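**Q** If you scroll down you'll find the structure; I have some questions about it.
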Amino acid sequence: MSQDEISVMDGGKCILQLRGVRPFFSDKYDITKHRQYHKLSDYDKRNEFNIEKYVKNHSHARIRPTDTVDEVFDAGSVSD
């Protein structure tokens, strides 16, 4: 598809691109029909995750310059 064709594509459709699979069309999922929809910020802004508030209330999880490290784990590198 050209950029023009994509820009006028039906709003109820999407193009999914997954690793190892050619891009394909799909119908969009109506999230309002999901049984857990009420937990999303789309449903209620009070459900929005506030990272500043979380960090403030979980100060024990912060790493400080004076902290010592007992073990270091190499998680490897991410490659495409």
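Residue numbering restarts at 1 in every chain; chains get A, B, ... in the order shown in the structure tokens, and ligands count up from 1 in that same order.
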Just asking: which residues within chain A are strand (DSSP E or B) according to DSSP, as a VMD selection string?
**A** chain A and resid 13 to 16 24 to 27
**Q** For the helix (DSSP H, G or I) assignment from backbone DSSP, which residues of chain A qualify? Please present them as a PyMOL selection string.
**A** chain A and resi 3-7+31-33+37-39+45-47+51-57+59-61
**Q** Given the selection you just returned, output its residues as a file containing C-alpha atoms, formatted as a CSV table (one decimal), in the first residue's frame.
**A**
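Output file result24.csv is given in full below:
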chain,number,residue,atom,x,y,z
A,3,GLN,CA,1.1,6.2,2.1
A,4,ASP,CA,-2.0,7.7,0.5
A,5,GLU,CA,-3.8,4.4,0.6
A,6,ILE,CA,-2.9,3.9,4.3
A,7,SER,CA,-4.0,7.4,5.2
A,31,ILE,CA,-11.6,-2.3,24.1
A,32,THR,CA,-14.9,-1.1,25.6
A,33,LYS,CA,-16.2,-4.7,25.2
A,37,TYR,CA,-12.2,-2.2,30.5
A,38,HIS,CA,-13.2,-0.5,33.7
A,39,LYS,CA,-9.6,-0.6,34.9
A,45,LYS,CA,-8.9,9.1,34.3
A,46,ARG,CA,-8.4,8.2,38.0
A,47,ASN,CA,-7.0,4.8,36.7
A,51,ILE,CA,5.0,7.4,38.0
A,52,GLU,CA,6.0,10.4,40.1
A,53,LYS,CA,3.5,9.4,42.8
A,54,TYR,CA,4.7,5.8,42.6
A,55,VAL,CA,8.4,6.7,43.0
A,56,LYS,CA,7.6,9.1,45.9
A,57,ASN,CA,5.7,6.4,47.8
A,59,SER,CA,11.4,5.5,47.9
A,60,HIS,CA,12.8,2.2,49.4
A,61,ALA,CA,13.1,0.9,45.8
**Q** Find, counting only C-alpha atoms, the residue in A:Met1, A:Ile63, A:Val69, A:Ala75 that gets nearest to Pro23 of chain A.
**A** A:Met1
**Q** Could you list, as number ranges by chain, every residue within 9 Å of Lys28 of chain A, counting only C-alpha atoms and ignoring same-chain residues fewer than 2 positions away?
**A** A: 11-14, 26, 30-31
**Q** For the residues in that selection, give me N, CA and C atoms as a compact mmCIF listing (two decimals), in the first residue's frame.
**A**
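Generated file (again_9.txt):
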# COMPACT_ATOMS: atom_id res chain seq x y z
N GLY A 11 -11.18 3.22 9.23
CA GLY A 11 -10.82 3.42 10.63
C GLY A 11 -11.02 2.21 11.52
N GLY A 12 -11.81 1.25 11.07
CA GLY A 12 -12.05 0.05 11.85
C GLY A 12 -11.04 -1.05 11.57
N LYS A 13 -10.08 -0.76 10.70
CA LYS A 13 -9.05 -1.74 10.32
C LYS A 13 -7.69 -1.26 10.80
N CYS A 14 -6.75 -2.19 10.89
CA CYS A 14 -5.38 -1.83 11.21
C CYS A 14 -4.44 -2.79 10.48
N SER A 26 -6.22 -6.41 9.90
CA SER A 26 -7.04 -6.98 10.96
C SER A 26 -8.10 -5.97 11.34
N ASP A 30 -12.54 -3.65 19.85
CA ASP A 30 -13.26 -2.63 20.61
C ASP A 30 -12.98 -2.87 22.10
N ILE A 31 -12.05 -2.07 22.67
CA ILE A 31 -11.64 -2.30 24.06
C ILE A 31 -12.78 -2.08 25.05
